[in-house]
Amino acid sequence: MSTSTTASVSTHILDTSIGRPAEGVAIQLTARSGRDARWQALGGSATDADGRCKDLPALPAGTTHVRLDFAVETYFLKKQADAQQDAPANRDSGAVFFPEVAITFAVEPGEHYHVPLLLNPFGYSVYRGS
């Protein structure tokens, strides 16, 4: 939760290729306090059955920039394996076009930032949600 001296971040992922939440995607959170500051790893979590990541670590006071790293390769490889089991004739090369998605954004103290990821095998979109 944000305070007057910190911001807070939440996210969720929707797999637009199937119209369902993306479950089990690992997400890492890093932050920095200033453009020239070093990135500090804060920890991470994974999306739940609803595609939400509800337990990201709190941001330290003074945070000005945040990065969310979504490790989507494992999610897509699992989807491909499940699809091959159901329809063995539809073999894919196994390559994942976007093995990870990194989103970097600026934050202000006292604000909450919900950053949804709309994902499919060959593209993605993000926006500041509410």
# chains A, B, ... in the order shown; residues from 1 in each chain; ligands from 1
$ select_by_dssp --residues "range 7-104 of chain A" --states "alpha helix (DSSP H)" --output "PyMOL selection string"
chain A and resi 73-86
$ closest_atom_pairs --of "range 47-111 of chain A" --to "range 27-34 of chain A" --cutoff "9 Å" --atoms "only C-alpha atoms" --output "Markdown table"
| residue | atom | partner | partner_atom | distance |
| --- | --- | --- | --- | --- |
| A:Thr47 | CA | A:Ile27 | CA | 7.7 |
| A:Cys53 | CA | A:Ile27 | CA | 8.1 |
| A:Leu56 | CA | A:Leu29 | CA | 7.3 |
| A:Pro57 | CA | A:Leu29 | CA | 7.5 |
| A:Leu59 | CA | A:Ala31 | CA | 7.3 |
| A:Pro60 | CA | A:Ala31 | CA | 8.2 |
| A:Ala61 | CA | A:Ser33 | CA | 8.5 |
| A:Gly62 | CA | A:Ser33 | CA | 5.5 |
| A:Thr63 | CA | A:Ser33 | CA | 4.4 |
| A:Thr64 | CA | A:Ser33 | CA | 4.9 |
| A:His65 | CA | A:Arg32 | CA | 5.4 |
| A:Val66 | CA | A:Ala31 | CA | 4.4 |
| A:Arg67 | CA | A:Thr30 | CA | 5.2 |
| A:Leu68 | CA | A:Leu29 | CA | 5.0 |
| A:Asp69 | CA | A:Gln28 | CA | 5.1 |
| A:Phe70 | CA | A:Ile27 | CA | 4.7 |
| A:Ala71 | CA | A:Ile27 | CA | 6.3 |
| A:Val72 | CA | A:Ile27 | CA | 8.9 |
$ residues_around --residues "Gly19 in chain A" --least-positions-apart "2" --cutoff "12 Å" --atoms "only C-alpha atoms" --output "MDAnalysis selection string"
chainID A and resid 13:17 21:22 50:51 118:120
$ write_last_selection --atoms "all heavy atoms" --output "compact mmCIF listing (two decimals), in the first residue's frame"
# COMPACT_ATOMS: atom_id res chain seq x y z
N ILE A 13 -1.93 -10.27 -15.44
CA ILE A 13 -1.66 -10.63 -16.83
C ILE A 13 -2.87 -11.33 -17.43
O ILE A 13 -3.39 -12.29 -16.85
CB ILE A 13 -0.44 -11.58 -16.95
CG1 ILE A 13 0.80 -10.98 -16.28
CG2 ILE A 13 -0.16 -11.89 -18.42
CD1 ILE A 13 1.98 -11.94 -16.22
N LEU A 14 -3.28 -10.86 -18.59
CA LEU A 14 -4.33 -11.51 -19.36
C LEU A 14 -3.71 -12.04 -20.65
O LEU A 14 -3.07 -11.29 -21.39
CB LEU A 14 -5.46 -10.53 -19.70
CG LEU A 14 -6.57 -11.10 -20.56
CD1 LEU A 14 -7.34 -12.19 -19.81
CD2 LEU A 14 -7.52 -10.01 -21.03
N ASP A 15 -3.86 -13.33 -20.88
CA ASP A 15 -3.40 -13.95 -22.12
C ASP A 15 -4.49 -13.72 -23.15
O ASP A 15 -5.52 -14.40 -23.15
CB ASP A 15 -3.13 -15.43 -21.91
CG ASP A 15 -2.60 -16.13 -23.15
OD1 ASP A 15 -2.77 -15.60 -24.27
OD2 ASP A 15 -2.03 -17.22 -23.00
N THR A 16 -4.29 -12.75 -24.04
CA THR A 16 -5.33 -12.38 -25.00
C THR A 16 -5.52 -13.43 -26.09
O THR A 16 -6.52 -13.40 -26.79
CB THR A 16 -5.06 -11.01 -25.63
OG1 THR A 16 -3.80 -11.04 -26.29
CG2 THR A 16 -5.07 -9.92 -24.57
N SER A 17 -4.58 -14.35 -26.23
CA SER A 17 -4.73 -15.40 -27.25
C SER A 17 -5.79 -16.43 -26.85
O SER A 17 -6.34 -17.11 -27.71
CB SER A 17 -3.39 -16.09 -27.54
OG SER A 17 -2.96 -16.83 -26.42
N PRO A 21 -6.77 -15.40 -17.81
CA PRO A 21 -5.60 -14.96 -17.03
C PRO A 21 -4.41 -15.90 -17.26
O PRO A 21 -4.58 -17.10 -17.51
CB PRO A 21 -6.07 -15.05 -15.58
CG PRO A 21 -7.56 -15.05 -15.66
CD PRO A 21 -7.92 -15.70 -16.96
N ALA A 22 -3.22 -15.34 -17.17
CA ALA A 22 -2.00 -16.13 -17.30
C ALA A 22 -1.53 -16.50 -15.89
O ALA A 22 -1.06 -15.64 -15.14
CB ALA A 22 -0.93 -15.33 -18.04
N ASP A 50 -6.02 -16.18 -11.11
CA ASP A 50 -6.72 -15.05 -11.69
C ASP A 50 -5.77 -14.13 -12.45
O ASP A 50 -6.15 -13.04 -12.87
CB ASP A 50 -7.45 -14.28 -10.58
CG ASP A 50 -8.52 -13.35 -11.10
OD1 ASP A 50 -9.12 -13.64 -12.16
OD2 ASP A 50 -8.75 -12.31 -10.46
N GLY A 51 -4.51 -14.55 -12.61
CA GLY A 51 -3.51 -13.75 -13.33
C GLY A 51 -2.98 -12.58 -12.53
O GLY A 51 -2.24 -11.76 -13.06
N LEU A 118 -1.18 -7.22 -21.13
CA LEU A 118 -1.99 -7.98 -22.08
C LEU A 118 -1.00 -8.72 -22.97
O LEU A 118 -0.19 -8.09 -23.66
CB LEU A 118 -2.88 -7.05 -22.89
CG LEU A 118 -3.81 -6.14 -22.08
CD1 LEU A 118 -4.60 -5.22 -23.00
CD2 LEU A 118 -4.73 -6.96 -21.20
N LEU A 119 -1.08 -10.03 -22.97
CA LEU A 119 -0.02 -10.86 -23.53
C LEU A 119 -0.56 -11.83 -24.56
O LEU A 119 -1.65 -12.38 -24.40
CB LEU A 119 0.61 -11.64 -22.37
CG LEU A 119 1.77 -12.55 -22.64
CD1 LEU A 119 2.99 -11.76 -23.09
CD2 LEU A 119 2.11 -13.33 -21.36
N ASN A 120 0.20 -12.04 -25.63
CA ASN A 120 -0.05 -13.15 -26.56
C ASN A 120 1.31 -13.61 -27.07
O ASN A 120 2.33 -12.97 -26.80
CB ASN A 120 -1.03 -12.73 -27.67
CG ASN A 120 -0.45 -11.77 -28.67
OD1 ASN A 120 0.51 -12.08 -29.36
ND2 ASN A 120 -1.02 -10.58 -28.74
$ closest_residue --among "A:Trp39, A:Arg52, A:Thr6, A:Gly44" --to "Thr104 in chain A" --atoms "only C-alpha atoms"
A:Trp39
$ select_by_dssp --residues "range 4-123 of chain A" --states "strand (DSSP E)" --output "CSV table (one decimal) with N, CA and C atoms, in the first residue's frame"
chain,number,residue,atom,x,y,z
A,8,SER,N,3.1,2.4,-4.5
A,8,SER,CA,2.8,1.0,-4.5
A,8,SER,C,2.5,0.5,-5.9
A,9,VAL,N,2.8,-0.8,-6.1
A,9,VAL,CA,2.6,-1.4,-7.4
A,9,VAL,C,1.9,-2.7,-7.3
A,10,SER,N,1.0,-2.9,-8.3
A,10,SER,CA,0.3,-4.2,-8.5
A,10,SER,C,0.2,-4.5,-10.0
A,11,THR,N,0.0,-5.7,-10.3
A,11,THR,CA,-0.1,-6.1,-11.8
A,11,THR,C,-1.0,-7.3,-11.9
A,12,HIS,N,-1.4,-7.5,-13.2
A,12,HIS,CA,-2.0,-8.8,-13.5
A,12,HIS,C,-1.8,-9.0,-15.0
A,13,ILE,N,-1.9,-10.3,-15.4
A,13,ILE,CA,-1.7,-10.6,-16.8
A,13,ILE,C,-2.9,-11.3,-17.4
A,14,LEU,N,-3.3,-10.9,-18.6
A,14,LEU,CA,-4.3,-11.5,-19.4
A,14,LEU,C,-3.7,-12.0,-20.6
A,15,ASP,N,-3.9,-13.3,-20.9
A,15,ASP,CA,-3.4,-13.9,-22.1
A,15,ASP,C,-4.5,-13.7,-23.2
A,20,ARG,N,-8.0,-15.5,-21.3
A,20,ARG,CA,-7.9,-16.0,-19.9
A,20,ARG,C,-6.7,-15.4,-19.1
A,21,PRO,N,-6.8,-15.4,-17.8
A,21,PRO,CA,-5.6,-15.0,-17.0
A,21,PRO,C,-4.4,-15.9,-17.3
A,26,ALA,N,6.3,-15.8,-13.3
A,26,ALA,CA,7.1,-15.2,-12.3
A,26,ALA,C,7.4,-13.8,-12.6
A,27,ILE,N,7.3,-12.9,-11.6
A,27,ILE,CA,7.5,-11.5,-11.8
A,27,ILE,C,8.6,-11.0,-10.7
A,28,GLN,N,9.6,-10.3,-11.2
A,28,GLN,CA,10.6,-9.7,-10.4
A,28,GLN,C,10.4,-8.2,-10.3
A,29,LEU,N,10.5,-7.6,-9.2
A,29,LEU,CA,10.4,-6.2,-9.0
A,29,LEU,C,11.7,-5.5,-8.6
A,30,THR,N,12.1,-4.5,-9.3
A,30,THR,CA,13.3,-3.8,-9.0
A,30,THR,C,13.0,-2.3,-9.0
A,31,ALA,N,13.7,-1.5,-8.3
A,31,ALA,CA,13.5,-0.1,-8.1
A,31,ALA,C,14.8,0.7,-8.0
A,32,ARG,N,14.7,2.0,-8.3
A,32,ARG,CA,15.8,2.9,-8.1
A,32,ARG,C,15.3,4.3,-7.6
A,40,GLN,N,17.8,-1.7,-7.6
A,40,GLN,CA,17.8,-2.5,-6.4
A,40,GLN,C,16.7,-3.6,-6.6
A,41,ALA,N,17.2,-4.9,-6.5
A,41,ALA,CA,16.2,-6.0,-6.6
A,41,ALA,C,15.4,-6.0,-5.2
A,42,LEU,N,14.1,-6.0,-5.3
A,42,LEU,CA,13.3,-6.0,-4.2
A,42,LEU,C,12.6,-7.3,-3.9
A,43,GLY,N,12.6,-8.2,-4.9
A,43,GLY,CA,12.0,-9.5,-4.7
A,43,GLY,C,10.9,-9.7,-5.8
A,44,GLY,N,10.1,-10.7,-5.6
A,44,GLY,CA,9.1,-11.0,-6.7
A,44,GLY,C,8.1,-12.0,-6.2
A,45,SER,N,7.3,-12.4,-7.1
A,45,SER,CA,6.2,-13.3,-6.8
A,45,SER,C,5.8,-14.0,-8.2
A,46,ALA,N,4.6,-14.6,-8.2
A,46,ALA,CA,4.1,-15.2,-9.4
A,46,ALA,C,2.6,-14.9,-9.5
A,52,ARG,N,-3.3,-12.5,-11.3
A,52,ARG,CA,-2.9,-11.4,-10.4
A,52,ARG,C,-1.7,-11.7,-9.6
A,53,CYS,N,-0.9,-10.7,-9.3
A,53,CYS,CA,0.2,-10.8,-8.5
A,53,CYS,C,0.0,-9.9,-7.3
A,65,HIS,N,11.7,5.2,-9.9
A,65,HIS,CA,11.5,4.3,-11.1
A,65,HIS,C,11.4,2.9,-10.7
A,66,VAL,N,10.5,2.2,-11.4
A,66,VAL,CA,10.2,0.8,-11.0
A,66,VAL,C,10.3,0.0,-12.3
A,67,ARG,N,10.8,-1.3,-12.2
A,67,ARG,CA,10.8,-2.2,-13.3
A,67,ARG,C,10.2,-3.5,-12.9
A,68,LEU,N,9.2,-3.9,-13.7
A,68,LEU,CA,8.6,-5.3,-13.5
A,68,LEU,C,9.2,-6.2,-14.6
A,69,ASP,N,9.7,-7.3,-14.3
A,69,ASP,CA,10.3,-8.3,-15.2
A,69,ASP,C,9.4,-9.5,-15.2
A,70,PHE,N,8.7,-9.7,-16.3
A,70,PHE,CA,7.7,-10.9,-16.4
A,70,PHE,C,8.5,-12.0,-17.1
A,71,ALA,N,8.6,-13.1,-16.5
A,71,ALA,CA,9.3,-14.3,-17.1
A,71,ALA,C,8.2,-15.1,-17.8
A,101,VAL,N,9.3,-10.0,-20.6
A,101,VAL,CA,8.8,-8.7,-20.8
A,101,VAL,C,9.3,-7.8,-19.7
A,102,ALA,N,10.0,-6.7,-20.0
A,102,ALA,CA,10.5,-5.8,-18.9
A,102,ALA,C,9.8,-4.5,-19.1
A,103,ILE,N,9.1,-4.0,-18.1
A,103,ILE,CA,8.4,-2.8,-18.1
A,103,ILE,C,9.0,-1.8,-17.1
A,104,THR,N,9.4,-0.7,-17.5
A,104,THR,CA,10.0,0.3,-16.6
A,104,THR,C,9.1,1.6,-16.6
A,105,PHE,N,8.8,2.1,-15.5
A,105,PHE,CA,8.0,3.3,-15.4
A,105,PHE,C,8.3,4.1,-14.2
A,106,ALA,N,8.0,5.4,-14.3
A,106,ALA,CA,8.2,6.4,-13.2
A,106,ALA,C,7.1,6.4,-12.2
A,112,HIS,N,-0.7,4.9,-6.3
A,112,HIS,CA,-0.7,3.4,-6.6
A,112,HIS,C,-0.6,3.2,-8.1
A,113,TYR,N,0.2,2.3,-8.5
A,113,TYR,CA,0.4,2.0,-9.9
A,113,TYR,C,0.0,0.6,-10.2
A,114,HIS,N,-1.1,0.4,-10.9
A,114,HIS,CA,-1.5,-0.9,-11.3
A,114,HIS,C,-1.2,-1.0,-12.8
A,117,LEU,N,-0.6,-6.4,-17.9
A,117,LEU,CA,0.1,-6.8,-19.1
A,117,LEU,C,-0.9,-7.7,-19.9
A,118,LEU,N,-1.2,-7.2,-21.1
A,118,LEU,CA,-2.0,-8.0,-22.1
A,118,LEU,C,-1.0,-8.7,-23.0
A,119,LEU,N,-1.1,-10.0,-23.0
A,119,LEU,CA,0.0,-10.9,-23.5
A,119,LEU,C,-0.6,-11.8,-24.6
A,120,ASN,N,0.2,-12.0,-25.6
A,120,ASN,CA,-0.1,-13.1,-26.6
A,120,ASN,C,1.3,-13.6,-27.1
A,123,GLY,N,3.1,-10.7,-29.2
A,123,GLY,CA,3.0,-9.3,-28.9
A,123,GLY,C,2.5,-9.1,-27.5
$ closest_residue --among "A:Asp55, A:Val25, A:Asp82, A:Glu111" --to "Pro99 in chain A" --atoms "only C-alpha atoms"
A:Val25
$ closest_residue --among "A:Pro121, A:Lys54, A:Thr3, A:Asp36" --to "Lys79 in chain A" --atoms "only C-alpha atoms"
A:Pro121
$ residues_around --residues "Ala95 in chain A" --least-positions-apart "5" --cutoff "10 Å" --atoms "only C-alpha atoms" --output "PyMOL selection string"
chain A and resi 73+76-77+80
$ write_last_selection --atoms "all heavy atoms" --output "mmCIF file, in the first residue's frame"
data_model
loop_
_atom_site.group_PDB
_atom_site.id
_atom_site.type_symbol
_atom_site.label_atom_id
_atom_site.label_comp_id
_atom_site.auth_asym_id
_atom_site.auth_seq_id
_atom_site.Cartn_x
_atom_site.Cartn_y
_atom_site.Cartn_z
ATOM 1 N N GLU A 73 8.429 -16.899 -20.722
ATOM 2 C CA GLU A 73 8.846 -18.058 -21.514
ATOM 3 C C GLU A 73 8.314 -19.368 -20.939
ATOM 4 O O GLU A 73 7.763 -20.199 -21.671
ATOM 5 C CB GLU A 73 10.363 -18.116 -21.632
ATOM 6 C CG GLU A 73 10.848 -19.270 -22.502
ATOM 7 C CD GLU A 73 12.341 -19.204 -22.739
ATOM 8 O OE1 GLU A 73 13.092 -18.865 -21.803
ATOM 9 O OE2 GLU A 73 12.749 -19.474 -23.875
ATOM 10 N N PHE A 76 4.613 -19.806 -21.704
ATOM 11 C CA PHE A 76 4.324 -20.181 -23.088
ATOM 12 C C PHE A 76 4.784 -21.602 -23.416
ATOM 13 O O PHE A 76 4.108 -22.323 -24.145
ATOM 14 C CB PHE A 76 4.931 -19.179 -24.066
ATOM 15 C CG PHE A 76 4.130 -17.919 -24.200
ATOM 16 C CD1 PHE A 76 4.715 -16.690 -23.994
ATOM 17 C CD2 PHE A 76 2.783 -17.955 -24.515
ATOM 18 C CE1 PHE A 76 3.978 -15.522 -24.112
ATOM 19 C CE2 PHE A 76 2.032 -16.802 -24.639
ATOM 20 C CZ PHE A 76 2.633 -15.578 -24.437
ATOM 21 N N LEU A 77 5.917 -22.024 -22.875
ATOM 22 C CA LEU A 77 6.379 -23.387 -23.125
ATOM 23 C C LEU A 77 5.408 -24.413 -22.536
ATOM 24 O O LEU A 77 5.140 -25.440 -23.143
ATOM 25 C CB LEU A 77 7.784 -23.587 -22.567
ATOM 26 C CG LEU A 77 8.895 -22.845 -23.317
ATOM 27 C CD1 LEU A 77 10.231 -23.019 -22.612
ATOM 28 C CD2 LEU A 77 8.974 -23.289 -24.772
ATOM 29 N N GLN A 80 2.458 -24.553 -24.826
ATOM 30 C CA GLN A 80 2.778 -25.317 -26.034
ATOM 31 C C GLN A 80 2.758 -26.811 -25.746
ATOM 32 O O GLN A 80 2.237 -27.599 -26.538
ATOM 33 C CB GLN A 80 4.144 -24.910 -26.577
ATOM 34 C CG GLN A 80 4.163 -23.560 -27.240
ATOM 35 C CD GLN A 80 5.571 -23.143 -27.662
ATOM 36 O OE1 GLN A 80 6.548 -23.854 -27.439
ATOM 37 N NE2 GLN A 80 5.671 -21.968 -28.259
#
$ closest_residue --among "A:Gly110, A:Tyr127, A:Phe97, A:Pro116" --to "Ser4 in chain A" --atoms "only C-alpha atoms"
A:Gly110
